[in-house]
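The structure appears right after this line, and notes come after that.
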Amino acid sequence: MSEPTLEQARDALVALQHVGTVEGGEVRLETDGDVAHLVLDHSEARNALSLDMMVQLADAVDALRSFSGHAVVLRSASPGMFCAGGNLKDVRQALPAPERGQQMAWTMATVLDALAELPQVVIAAVDGPAVGGGAELLTAADFRLMSDRAWFQFRQVRLGVAAGWGGVPRLLRHVPPAVARRWLLLGPRVAGPEAVAAGYAEKASGVIDHALEALLDALSEVRPGAMDALKGQMLAAQAGASGAVQAELFAQTWFSVEHRRALGLPDDEG
């Protein structure tokens with residue numbers, strides 16, 4: 001069976017919407033120059049994702065595929081929170097029908113994989129708890145900025161269930177297997193210092209917006225074409241691509257206008 005596409009996942013989520021009852025919350029896509037913001041706004045449920053929000057997230061990720069900017073920031077609309085995973089009302093409703101639980105799992109895994117594979121640098125600005133599916137959401141980011149009040153927990157094991165949104169393979173791309181085993185199999189609450197020590201997060205002391213602004217300023221100095229190619233090389237390497245694929249991505253930048261300008265050469269050979 002071939003891997004499902006983002007479009008197929010979105011259609012499957014819409015189908016789940018029709019049989020679900022849980023509504024509410026919003027995932028907004030806002031753009032500010034070269035930076036896009038994916039804003040989770042469901043504060044009354046600690047930003048737990050309803051089916052409505054899952055569809056909106058899929059639509060936003062699809063739109064970002066054609067975004068010409070260099071960064072995507074995933075954040076909460078309200079301070080002091082990040083994401084409490086899937087909305088428990090939806091989960092309880094799907095529990096009696098295993099096929100619906102499976103459908104929710106593969107659709108969200110596909111959406112988060114597509115988020116991780118965007119050409120832009122994805123930054124999670126974490127200013128509060130990221131629990132269960134919220135912790136899996138973090139695995140789709142390239143950078144995780146964690147404030148003093150931020151923590152995450154792969155709580156699935158404590159609820160008698162495995163990770164459902166593709167978080168296991170993505171986590172193993174970011175941290176050593178021994179670290180991933182502890183976090184996944186024991187389900188501890190992981191605060192910023194431990195995540196930073198594992199190389200999984202960046203410390204954002206004080207106001208998280210200050211750390212976010214500093215990281216975005218650093219990214220603004222990087223040439224977009226090279227950034228896109230380097231992220232493509234990393235994703236290809238994680239997928240086991242050959243050196244020839246890496247060379248092809250390199251060649252795309254070697255002859256670019258950006259590279260010529262960086263070397264003080266005219267934009268074209270003429």
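Each chain in the structure tokens gets a letter, A, B and so on, in the order shown; residues start at 1 in every chain, and ligands are counted from 1 in the order they appear.
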
Practice item. Determine, counting only C-alpha atoms, which protein, DNA and RNA residues have an atom within 10 Å of an atom of A:Leu216; residues of the same chain fewer than 5 positions away are not included. Present the result as a PyMOL selection string. Key: chain A and resi 34-35+70-73+121+123+210-211+221

Go ahead and write the selection's residues with N, CA and C atoms as a compact mmCIF listing (two decimals), in the first residue's frame.
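Result went into out.txt, see below:
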# COMPACT_ATOMS: atom_id res chain seq x y z
N ASP A 34 8.07 37.17 5.55
CA ASP A 34 8.68 35.87 5.27
C ASP A 34 8.36 34.82 6.33
N VAL A 35 7.53 35.17 7.30
CA VAL A 35 7.22 34.26 8.40
C VAL A 35 5.72 33.97 8.42
N HIS A 70 10.47 31.89 4.68
CA HIS A 70 11.51 30.96 5.11
C HIS A 70 11.22 30.29 6.45
N ALA A 71 10.16 30.70 7.16
CA ALA A 71 9.92 30.13 8.49
C ALA A 71 8.44 29.99 8.76
N VAL A 72 8.11 28.94 9.52
CA VAL A 72 6.75 28.70 10.00
C VAL A 72 6.82 28.54 11.51
N VAL A 73 6.03 29.33 12.22
CA VAL A 73 6.00 29.28 13.69
C VAL A 73 4.70 28.63 14.13
N VAL A 121 11.68 26.38 7.52
CA VAL A 121 12.08 25.94 8.85
C VAL A 121 10.86 26.07 9.77
N ILE A 123 9.27 26.11 13.45
CA ILE A 123 9.64 26.40 14.83
C ILE A 123 8.42 26.24 15.72
N HIS A 210 10.89 36.78 22.88
CA HIS A 210 12.25 37.30 22.70
C HIS A 210 13.14 36.26 22.05
N ALA A 211 13.06 35.01 22.53
CA ALA A 211 13.86 33.93 21.94
C ALA A 211 13.42 33.65 20.51
N GLU A 221 19.09 35.82 8.02
CA GLU A 221 20.40 36.05 7.41
C GLU A 221 20.85 34.87 6.53

DSSP on the backbone, helix (DSSP H, G or I) only: what residues of stretch 117-242 of chain A does that give? Format it as an mmCIF file with C-alpha atoms, in the first residue's frame.
data_model
loop_
_atom_site.group_PDB
_atom_site.id
_atom_site.type_symbol
_atom_site.label_atom_id
_atom_site.label_comp_id
_atom_site.auth_asym_id
_atom_site.auth_seq_id
_atom_site.Cartn_x
_atom_site.Cartn_y
_atom_site.Cartn_z
ATOM 1 C CA GLY A 133 -0.677 14.203 20.648
ATOM 2 C CA GLY A 134 0.671 17.639 21.545
ATOM 3 C CA ALA A 135 4.039 16.041 22.276
ATOM 4 C CA GLU A 136 3.831 14.285 18.905
ATOM 5 C CA LEU A 137 3.083 17.643 17.295
ATOM 6 C CA LEU A 138 6.435 18.907 18.592
ATOM 7 C CA ARG A 155 1.304 10.312 28.041
ATOM 8 C CA GLN A 156 -0.001 7.656 25.682
ATOM 9 C CA VAL A 157 1.617 4.782 27.587
ATOM 10 C CA ARG A 158 -0.151 5.894 30.786
ATOM 11 C CA LEU A 159 -3.467 5.777 28.933
ATOM 12 C CA GLY A 167 5.568 10.707 16.659
ATOM 13 C CA VAL A 168 7.779 7.664 17.275
ATOM 14 C CA PRO A 169 9.816 7.682 14.022
ATOM 15 C CA ARG A 170 9.992 11.485 14.050
ATOM 16 C CA LEU A 171 11.239 11.539 17.670
ATOM 17 C CA LEU A 172 13.917 8.967 16.807
ATOM 18 C CA ARG A 173 15.236 11.364 14.156
ATOM 19 C CA HIS A 174 15.852 13.980 16.835
ATOM 20 C CA PRO A 177 17.107 5.728 20.958
ATOM 21 C CA ALA A 178 17.871 5.474 24.688
ATOM 22 C CA VAL A 179 16.354 8.916 25.279
ATOM 23 C CA ALA A 180 13.332 8.153 23.112
ATOM 24 C CA ARG A 181 12.753 4.862 24.939
ATOM 25 C CA ARG A 182 12.664 6.607 28.298
ATOM 26 C CA TRP A 183 10.301 9.323 27.134
ATOM 27 C CA LEU A 184 7.973 6.959 25.256
ATOM 28 C CA LEU A 185 7.922 3.884 27.514
ATOM 29 C CA LEU A 186 7.949 5.618 30.907
ATOM 30 C CA GLY A 192 13.071 22.428 29.220
ATOM 31 C CA PRO A 193 16.435 21.633 30.862
ATOM 32 C CA GLU A 194 16.160 17.888 30.141
ATOM 33 C CA ALA A 195 14.989 18.508 26.567
ATOM 34 C CA VAL A 196 17.836 20.971 26.002
ATOM 35 C CA ALA A 197 20.389 18.539 27.450
ATOM 36 C CA ILE A 208 9.324 33.253 24.669
ATOM 37 C CA ASP A 209 8.742 35.962 22.063
ATOM 38 C CA HIS A 210 12.247 37.305 22.705
ATOM 39 C CA ALA A 211 13.862 33.931 21.941
ATOM 40 C CA LEU A 212 11.604 33.489 18.921
ATOM 41 C CA GLU A 213 12.567 36.905 17.574
ATOM 42 C CA ALA A 214 16.278 36.113 18.003
ATOM 43 C CA LEU A 215 15.930 32.804 16.133
ATOM 44 C CA LEU A 216 13.916 34.407 13.326
ATOM 45 C CA ASP A 217 16.552 37.152 13.017
ATOM 46 C CA ALA A 218 19.249 34.487 12.664
ATOM 47 C CA LEU A 219 17.233 32.653 10.021
ATOM 48 C CA SER A 220 16.655 35.876 8.074
ATOM 49 C CA PRO A 224 16.490 30.903 1.378
ATOM 50 C CA GLY A 225 17.542 28.685 -1.526
ATOM 51 C CA ALA A 226 20.344 27.121 0.495
ATOM 52 C CA MET A 227 18.037 26.672 3.489
ATOM 53 C CA ASP A 228 15.465 24.837 1.375
ATOM 54 C CA ALA A 229 18.126 22.580 -0.141
ATOM 55 C CA LEU A 230 19.759 21.808 3.219
ATOM 56 C CA LYS A 231 16.436 20.858 4.749
ATOM 57 C CA GLY A 232 15.783 18.700 1.704
ATOM 58 C CA GLN A 233 19.161 17.008 2.200
ATOM 59 C CA MET A 234 18.380 16.278 5.854
ATOM 60 C CA LEU A 235 14.975 14.818 5.027
ATOM 61 C CA ALA A 236 16.496 12.746 2.214
ATOM 62 C CA ALA A 237 19.228 11.455 4.529
ATOM 63 C CA GLN A 238 16.648 10.440 7.139
#

Check your understanding: So which one's closest to A:Asp41, A:Asp11, A:Leu64, A:Arg189, A:Pro79? Using only C-alpha atoms, please.
Key ->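 Comparing A:Asp11, A:Leu64, A:Arg189, A:Pro79 against A:Asp41, the winner is A:Pro79.
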